[in-house]
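These notes are about the structure you will find just below.
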Amino acid sequence: MKRLFPLIFVFSIILSACGPHKKLSKHTVLLDTIVVKPNPNLDIYRGSATKVWDISHTKVALNFNLKEKTANGKAWIDLHPYFYATDTLVLDAKSMHIDTAMIVTPRGNKKVFYNYENNQLKFRFEKQYKKEDSLRLYISYTAMPYSNTTGGSHAITDDRGLYFINTDNSIPNKPAQIWTQGETESNSHWLPTIDKPNERFTIDIALTVPDSFQTLSNGYMVKKTAERNGLRTDVWKMDMPIQAYAVMFAIGHFSIIKDSWHGKEVNYYVEPAYGPYARGIFKNTPEMMSYFSDITGILYPWNKYDQIIVRDYVSGAMENTTASLFGEFMNETNREMLDRDFEDVVSHELFHQWFGDYVTCESWSNITVNESFANYSEQLWRGHKYGKASSDKLAYEDIHKYLQSAKLSDPPLVRFYYNDREDVFDRISYEKGGAVLNYLRGLMGDEAFFKAMNIYLSKNALHSAEAQQWRLAIEEATGSDWNWFFNEWYYHGGHPVLDVTYDYDDDAKQLIVNVAQMQTDSGYKYQLPLKAAIIYGNEKTIVDWDINNKKETFIYPYKEGQKPVVIPDAMHWLPGELNDNKTAWQWLAQYRNSDDYINKRVAILGAARNLEDSSSQMLLTEALADKIPTIKQYTLDILQLQKKTKWQDKWKEQVAYMALNDGNNAVRASAFDVLGDWKIKSAKQSMIDAVNDSSYNVSSSALAALYKISEDTAYNLSKQLLASNPGGDLELAIWSVIGKRGDENDINFFEQKAPYVYGTRKFSFVSSIYYYMLNVKSDVALEKGAALIAKLAIKEPIKTYRPALASYLYRLAQSYDAKAKTDNKTDAANDTKRIEIIKVYIDKIVDAEKDADNLKTYKSMKTTANEFAD
């Protein structure tokens, strides 16, 4: 599973929602202090689920009640005791009404005693069954996934398992769909089963649907049968055993774009409007299948590979076996894909077909053997297809996502103690896990690393496994013991922090490099085989750097009067922090003698901390002309923060030239961002011209920059651009400009646009309404804005999105409350009146909310909002 949107936590969404507006404004949201209390659940050992019974095959037939959002199901389950004889059986069956359950025998169905309670279907048989015995159960039931309160996490925001999207046609311009999400243990909301990651079975799924709908499931379609009343039954068959959570189906109106790989079907299921763009959305899928088959030594192991995009998905994407499912963020036109795509998500889910589906984690404690490989596959694919700079950029971003999250929690990769199984879908299992694999690959070498992957996959094919199996595969490939590494990185929490200092001894003509392990986790001492680069003038040599003690010292002599410069961890293996205490001239030497993204980026950041030094200025000037576009872009991001006129004057002409002439859209966009923040009025015409650029990235940045130097011009252009039906980031920038203008007539624009905004773009849209309501003079328009936000929040199907949308009203009330304290008496009275208007719609949102977790969130938000949110 790809956690594309981890910032579902409500205030994080508020902060991130302004990002696509190209920095038209900046806000600070102050949060209450969070008190973390001890959790007794962390004392519970979370091992692999005990296998009392083993399911060999399941057959299920479903028909759907679209308005009621329920499914009528019939299931035939073949199973046998795993090892020990038993006369009891427990199946997971959440949110169901059980009509009947029987044992199927050659002589007919036989009644069986069962009890349904606490989302479990419990059987007691008349005899004990031995492992040699087989049993077939028949269960008739109704799945009612919307009957109970659901859970979820930051990674997977809801766990009802079966989702009905607009099947009552209550929302115009939105397709009707039905789809499933099984991970972690949610498929048992529509299928009685043993819902654990170490359970596998083959499955037949029969779906009776309106004849206008398409269906998709695991495996291949066996047949289609016309039914009465405009219905049709599609039967799908998965004849290789798969884990319970990877079973899926999806139903709706889709265009099916056909592709192929080595004679196997590769299909893309998208909404009809995106049919022309499907190959671009899922670009390079067949080539990825070849590459991943090559490096694993295992040809893509399933009969076909489908990818489908659905509405209101509760995570980023999901690697259902043979049929990955993606959220609506994937929907893009060709023009939008000029600037960005989600190829990382595509590669992530595809690699799961090997690591996660072909071999599955034995328990959620070992989820990293699924997710670390999928995370690392993104870097592998980028390096293969686009070169080292692309993969290095992603690696740098990933490790820093992990290090940021580690400030709050830094448990082991394999963790047998956690509060909830959803908690393990985090930066540890994903990004840290990927970084550890990159370290392993560096230490082992490519040939041995890929050989170990092949051994792991071959020996555990169609079974579950854990990190120990991965270790044994590495040891078989290399002939070496790797317990030390796994004890350090898989079973120990925390990470190393290296502090590197330099002492140039001119008398002894040598450089003394001191390396200290500064981590604070129980004084743990890491064993860290690394590589360093030693630079003399224009010559660079890679040497071994073994950090085995808390403090290490390395000495390098001067050569022919040249002082050496050292690049620690030159190969970027370290899954931890490195504090490199260089001076400006050392950073310049590192930059000039590096050909990779990370070493250059680190040097740029180091130089930016001491801009008064001429070496730092030379470095940034050279970086603006670097051959790696992402280095130029990063340098522009650094310059954007410079507020002193002398620095702006030094580089503004170079930046203006890049905005017009650079060959990379992202670089041009960043250049316009800089010009806007610096308020370079001489670039106004360039901004106006660029608003019509073919790149939405460039045009949105140009519009945002224009707004900062001429609000009237930006507003008038935004209104004109609406006629061209813009998309991508340009549309978000237009919303923001119109919102900030606060023209009372523009509330009609927001009302008319609202039914067509979906997915995470809702947050940018509502953020724009928030600014509109801060600036509009008309109380009538303000109330219409409040009513519109309330309507969007109340009707939002994704439960964690609802308080995120509603929070803009709370913030608005806070803003007017603060304003009232400084305004004159008349204006303060009007501020108070507006607060009362806003409170009416806050109350409507709270009254409509049924989810207990959201109600708690609203209560917390009310406390933060003080007297006007009572």
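Every chain in the structure tokens has a letter given in the order shown (A, B, ...), and although residue numbers restart at 1 in each chain, ligands are simply numbered from 1 in the order shown.
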
I'd like the contact shell of Asp831 of chain A - 7 Å cut-off, only C-alpha atoms, skipping same-chain residues fewer than 6 positions apart - returned as a list of chain:residue names. A:Tyr816, A:Asp817, A:Ala820

Restrict the selected residues to C-alpha atoms and save them as a PDB file, in the first residue's frame.
ATOM      1  CA  TYR A 816     -12.570  37.416  13.498  1.00  0.00           C
ATOM      2  CA  ASP A 817     -12.259  37.016  17.252  1.00  0.00           C
ATOM      3  CA  ALA A 820     -12.439  42.190  17.155  1.00  0.00           C
TER       4      ALA A 820
END

Find the residues near Asp544 of chain A: any atom within 10 Å, counting only C-alpha atoms, skip ones fewer than 4 places away on the same chain, and give them as a PyMOL selection string. chain A and resi 529-533+569

For Gln519 of chain A, which of A:Asp823, A:Asp779, A:Glu577, A:Asp204 is the closest residue, counting only C-alpha atoms? A:Glu577

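Distances here use only C-alpha atoms; by that measure, the residue among A:Tyr138, A:Tyr82, A:Tyr417, A:Phe254 closest to Val60 of chain A is A:Tyr138.
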
For the alpha helix (DSSP H) assignment from backbone DSSP, which residues of segment 410-457 of chain A qualify? Please present them as JSON, numbers by chain. {"A": [433, 434, 435, 436, 437, 438, 439, 440, 441, 442, 443, 444, 446, 447, 448, 449, 450, 451, 452, 453, 454, 455, 456, 457]}

Generate a file of the selected residues that holds C-alpha atoms, formatted as a short mmCIF file (atom, residue, chain, number, x, y, z; two decimals), in the first residue's frame.
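This is the output file result18.cif:
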data_model
loop_
_atom_site.label_atom_id
_atom_site.label_comp_id
_atom_site.auth_asym_id
_atom_site.auth_seq_id
_atom_site.Cartn_x
_atom_site.Cartn_y
_atom_site.Cartn_z
CA GLY A 433 12.83 0.35 5.66
CA GLY A 434 13.69 1.55 2.17
CA ALA A 435 16.79 3.34 3.46
CA VAL A 436 17.93 0.19 5.26
CA LEU A 437 17.55 -1.80 2.03
CA ASN A 438 19.62 0.81 0.22
CA TYR A 439 22.32 0.41 2.88
CA LEU A 440 22.17 -3.37 2.49
CA ARG A 441 22.50 -3.09 -1.27
CA GLY A 442 25.54 -0.88 -0.87
CA LEU A 443 27.23 -3.25 1.55
CA MET A 444 26.37 -6.40 -0.42
CA ASP A 446 24.06 -5.31 -6.66
CA GLU A 447 24.57 -8.91 -7.72
CA ALA A 448 24.36 -10.33 -4.19
CA PHE A 449 21.46 -8.05 -3.22
CA PHE A 450 19.31 -9.04 -6.17
CA LYS A 451 20.29 -12.70 -5.69
CA ALA A 452 19.07 -12.49 -2.09
CA MET A 453 15.75 -11.08 -3.31
CA ASN A 454 15.43 -14.03 -5.67
CA ILE A 455 16.16 -16.54 -2.88
CA TYR A 456 13.64 -14.89 -0.55
CA LEU A 457 10.91 -14.88 -3.19
#

For Phe485 of chain A, please output as number ranges by chain all residues within 10 Å (counting only C-alpha atoms; exclusion window: fewer than 3 positions along the same chain). A: 436, 440, 471, 481-482, 488-491, 526-528

So how far away is atom CA of Thr142 of chain A from atom CA of Leu855 of chain A, in Å? 28.7 Å

Using only C-alpha atoms, which residues sit within 8 Å of Val667 of chain A once same-chain residues fewer than 2 positions away are excluded, as a PyMOL selection string? chain A and resi 629-630+632-633+636+658-659+662-665+669-671

For the selection you just gave me, I'd like the residues written to a file as a PDB file, in the first residue's frame, keeping N, CA and C atoms.
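Output contents, as saved in out.pdb:
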ATOM      1  N   PRO A 629      18.685  19.532 -13.246  1.00  0.00           N
ATOM      2  CA  PRO A 629      17.600  20.501 -13.047  1.00  0.00           C
ATOM      3  C   PRO A 629      17.125  20.609 -11.600  1.00  0.00           C
ATOM      4  N   THR A 630      17.047  19.471 -10.900  1.00  0.00           N
ATOM      5  CA  THR A 630      16.549  19.530  -9.530  1.00  0.00           C
ATOM      6  C   THR A 630      17.516  20.254  -8.602  1.00  0.00           C
ATOM      7  N   LYS A 632      19.225  22.985  -9.644  1.00  0.00           N
ATOM      8  CA  LYS A 632      18.859  24.382  -9.916  1.00  0.00           C
ATOM      9  C   LYS A 632      17.582  24.755  -9.158  1.00  0.00           C
ATOM     10  N   GLN A 633      16.630  23.844  -9.177  1.00  0.00           N
ATOM     11  CA  GLN A 633      15.365  24.114  -8.497  1.00  0.00           C
ATOM     12  C   GLN A 633      15.576  24.274  -6.995  1.00  0.00           C
ATOM     13  N   LEU A 636      17.124  27.626  -6.211  1.00  0.00           N
ATOM     14  CA  LEU A 636      16.101  28.676  -6.259  1.00  0.00           C
ATOM     15  C   LEU A 636      15.261  28.678  -4.988  1.00  0.00           C
ATOM     16  N   MET A 658      16.306  32.650 -15.955  1.00  0.00           N
ATOM     17  CA  MET A 658      15.888  31.255 -15.817  1.00  0.00           C
ATOM     18  C   MET A 658      14.377  31.122 -15.950  1.00  0.00           C
ATOM     19  N   ALA A 659      13.627  32.074 -15.406  1.00  0.00           N
ATOM     20  CA  ALA A 659      12.158  32.012 -15.488  1.00  0.00           C
ATOM     21  C   ALA A 659      11.694  32.004 -16.937  1.00  0.00           C
ATOM     22  N   ASP A 662      14.873  28.729 -19.058  1.00  0.00           N
ATOM     23  CA  ASP A 662      15.336  27.402 -18.674  1.00  0.00           C
ATOM     24  C   ASP A 662      14.520  26.326 -19.388  1.00  0.00           C
ATOM     25  N   GLY A 663      15.146  25.226 -19.677  1.00  0.00           N
ATOM     26  CA  GLY A 663      14.482  24.156 -20.418  1.00  0.00           C
ATOM     27  C   GLY A 663      13.656  23.221 -19.562  1.00  0.00           C
ATOM     28  N   ASN A 664      13.607  23.454 -18.244  1.00  0.00           N
ATOM     29  CA  ASN A 664      12.861  22.588 -17.344  1.00  0.00           C
ATOM     30  C   ASN A 664      11.708  23.369 -16.721  1.00  0.00           C
ATOM     31  N   ASN A 665      10.499  22.840 -16.830  1.00  0.00           N
ATOM     32  CA  ASN A 665       9.326  23.557 -16.326  1.00  0.00           C
ATOM     33  C   ASN A 665       9.389  23.790 -14.825  1.00  0.00           C
ATOM     34  N   ALA A 669       9.207  27.401 -13.000  1.00  0.00           N
ATOM     35  CA  ALA A 669       8.188  27.689 -11.988  1.00  0.00           C
ATOM     36  C   ALA A 669       8.830  28.187 -10.698  1.00  0.00           C
ATOM     37  N   SER A 670       9.902  27.534 -10.270  1.00  0.00           N
ATOM     38  CA  SER A 670      10.586  27.965  -9.052  1.00  0.00           C
ATOM     39  C   SER A 670      11.179  29.362  -9.221  1.00  0.00           C
ATOM     40  N   ALA A 671      11.666  29.665 -10.419  1.00  0.00           N
ATOM     41  CA  ALA A 671      12.211  30.998 -10.667  1.00  0.00           C
ATOM     42  C   ALA A 671      11.124  32.058 -10.530  1.00  0.00           C
TER      43      ALA A 671
END

Set the distance at 10 Å and use only C-alpha atoms: which residues neighbour Leu62 of chain A once local chain neighbours fewer than 4 positions away are removed? I'd like the list as a compact mmCIF listing (two decimals) with N, CA and C atoms, in the first residue's frame.
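What ended up in selection34.txt:
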# COMPACT_ATOMS: atom_id res chain seq x y z
N ALA A 71 -24.96 -5.57 0.89
CA ALA A 71 -24.76 -6.63 -0.10
C ALA A 71 -25.32 -7.93 0.44
N ASN A 72 -26.03 -8.66 -0.39
CA ASN A 72 -26.51 -9.99 -0.04
C ASN A 72 -25.46 -11.00 -0.50
N GLY A 73 -24.99 -11.80 0.42
CA GLY A 73 -23.90 -12.69 0.10
C GLY A 73 -24.19 -14.14 0.39
N LYS A 74 -23.59 -15.00 -0.41
CA LYS A 74 -23.58 -16.44 -0.17
C LYS A 74 -22.14 -16.91 -0.32
N ALA A 75 -21.63 -17.61 0.68
CA ALA A 75 -20.24 -18.03 0.66
C ALA A 75 -20.14 -19.52 0.91
N TYR A 141 -25.75 -14.48 4.14
CA TYR A 141 -25.61 -13.33 5.04
C TYR A 141 -25.91 -12.04 4.29
N THR A 142 -26.02 -10.98 5.05
CA THR A 142 -26.10 -9.63 4.50
C THR A 142 -24.94 -8.82 5.06
N ALA A 143 -24.13 -8.26 4.18
CA ALA A 143 -23.03 -7.38 4.59
C ALA A 143 -23.57 -5.97 4.72
N TRP A 190 -17.32 -7.97 4.20
CA TRP A 190 -18.22 -8.45 3.14
C TRP A 190 -18.01 -9.93 2.82
N LEU A 191 -17.02 -10.57 3.47
CA LEU A 191 -16.71 -11.97 3.22
C LEU A 191 -16.35 -12.65 4.53
N ILE A 205 -15.33 -15.30 -7.31
CA ILE A 205 -16.22 -14.21 -6.91
C ILE A 205 -17.24 -13.98 -8.02
N ALA A 206 -18.51 -14.10 -7.67
CA ALA A 206 -19.61 -13.83 -8.61
C ALA A 206 -20.27 -12.52 -8.19
N LEU A 207 -20.33 -11.57 -9.12
CA LEU A 207 -20.86 -10.24 -8.85
C LEU A 207 -22.06 -9.99 -9.74
N THR A 208 -23.22 -9.79 -9.15
CA THR A 208 -24.42 -9.46 -9.92
C THR A 208 -24.63 -7.96 -9.85
N VAL A 209 -24.60 -7.31 -11.02
CA VAL A 209 -24.56 -5.85 -11.08
C VAL A 209 -25.47 -5.37 -12.20
N THR A 233 -24.40 -11.11 -14.23
CA THR A 233 -23.50 -11.73 -13.25
C THR A 233 -22.16 -12.02 -13.90

Would you work out the distance separating atom CA of Asp613 of chain A from atom CA of Asp503 of chain A, expressed in Å to one decimal?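 For atom CA of Asp613 of chain A relative to atom CA of Asp503 of chain A, the distance reads 19.8 Å.
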
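In terms of minimum interatomic distance to Gln128 of chain A, A:Ala85 ranks closest within A:Leu675, A:Leu805, A:Ala85, A:Val314, counting only C-alpha atoms.
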
Could you jot down the atom CA of Met571 of chain A to atom CA of Asp626 of chain A separation for me, Å, one decimal place?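 These atoms are spaced 20.3 Å apart.
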
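Using only C-alpha atoms, the contacts of Asn303 of chain A at a cut-off of 8 Å, with sequence neighbours closer than 5 positions omitted, comprise Gly219, Tyr220, Lys264, Glu265 and Thr322 of chain A.
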
Ranking A:Val698, A:Ala829, A:Ile734, A:Leu162 by minimum distance to Arg340 of chain A and counting only C-alpha atoms, which one comes first?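 Of A:Val698, A:Ala829, A:Ile734, A:Leu162, the one nearest Arg340 of chain A, counting only C-alpha atoms, is A:Val698.
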
A:Trp76, A:Phe329, A:Tyr770, A:Trp484: which is nearest Val757 of chain A, counting only C-alpha atoms? A:Phe329

Segment 538-647 of chain A near segment 505-518 of chain A within 6 Å: what's each residue's closest atom pair and its distance in Å to one decimal, counting only C-alpha atoms, ordered by chain then ascending residue number, as a tab-separated table?
residue	atom	partner	partner_atom	distance
A:Lys550	CA	A:Gln517	CA	4.9
A:Lys551	CA	A:Ala516	CA	4.4
A:Glu552	CA	A:Val515	CA	5.1
A:Thr553	CA	A:Asn514	CA	4.7
A:Phe554	CA	A:Val513	CA	5.1
A:Ile555	CA	A:Ile512	CA	4.6
A:Tyr556	CA	A:Leu511	CA	5.1
A:Pro557	CA	A:Gln510	CA	4.0
A:Tyr558	CA	A:Gln510	CA	5.3

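The nearest approach to Tyr163 of chain A among the residues A:Gly728, A:Gly182, A:Pro197, A:Gly151, with only C-alpha atoms taken into account, belongs to A:Gly182.
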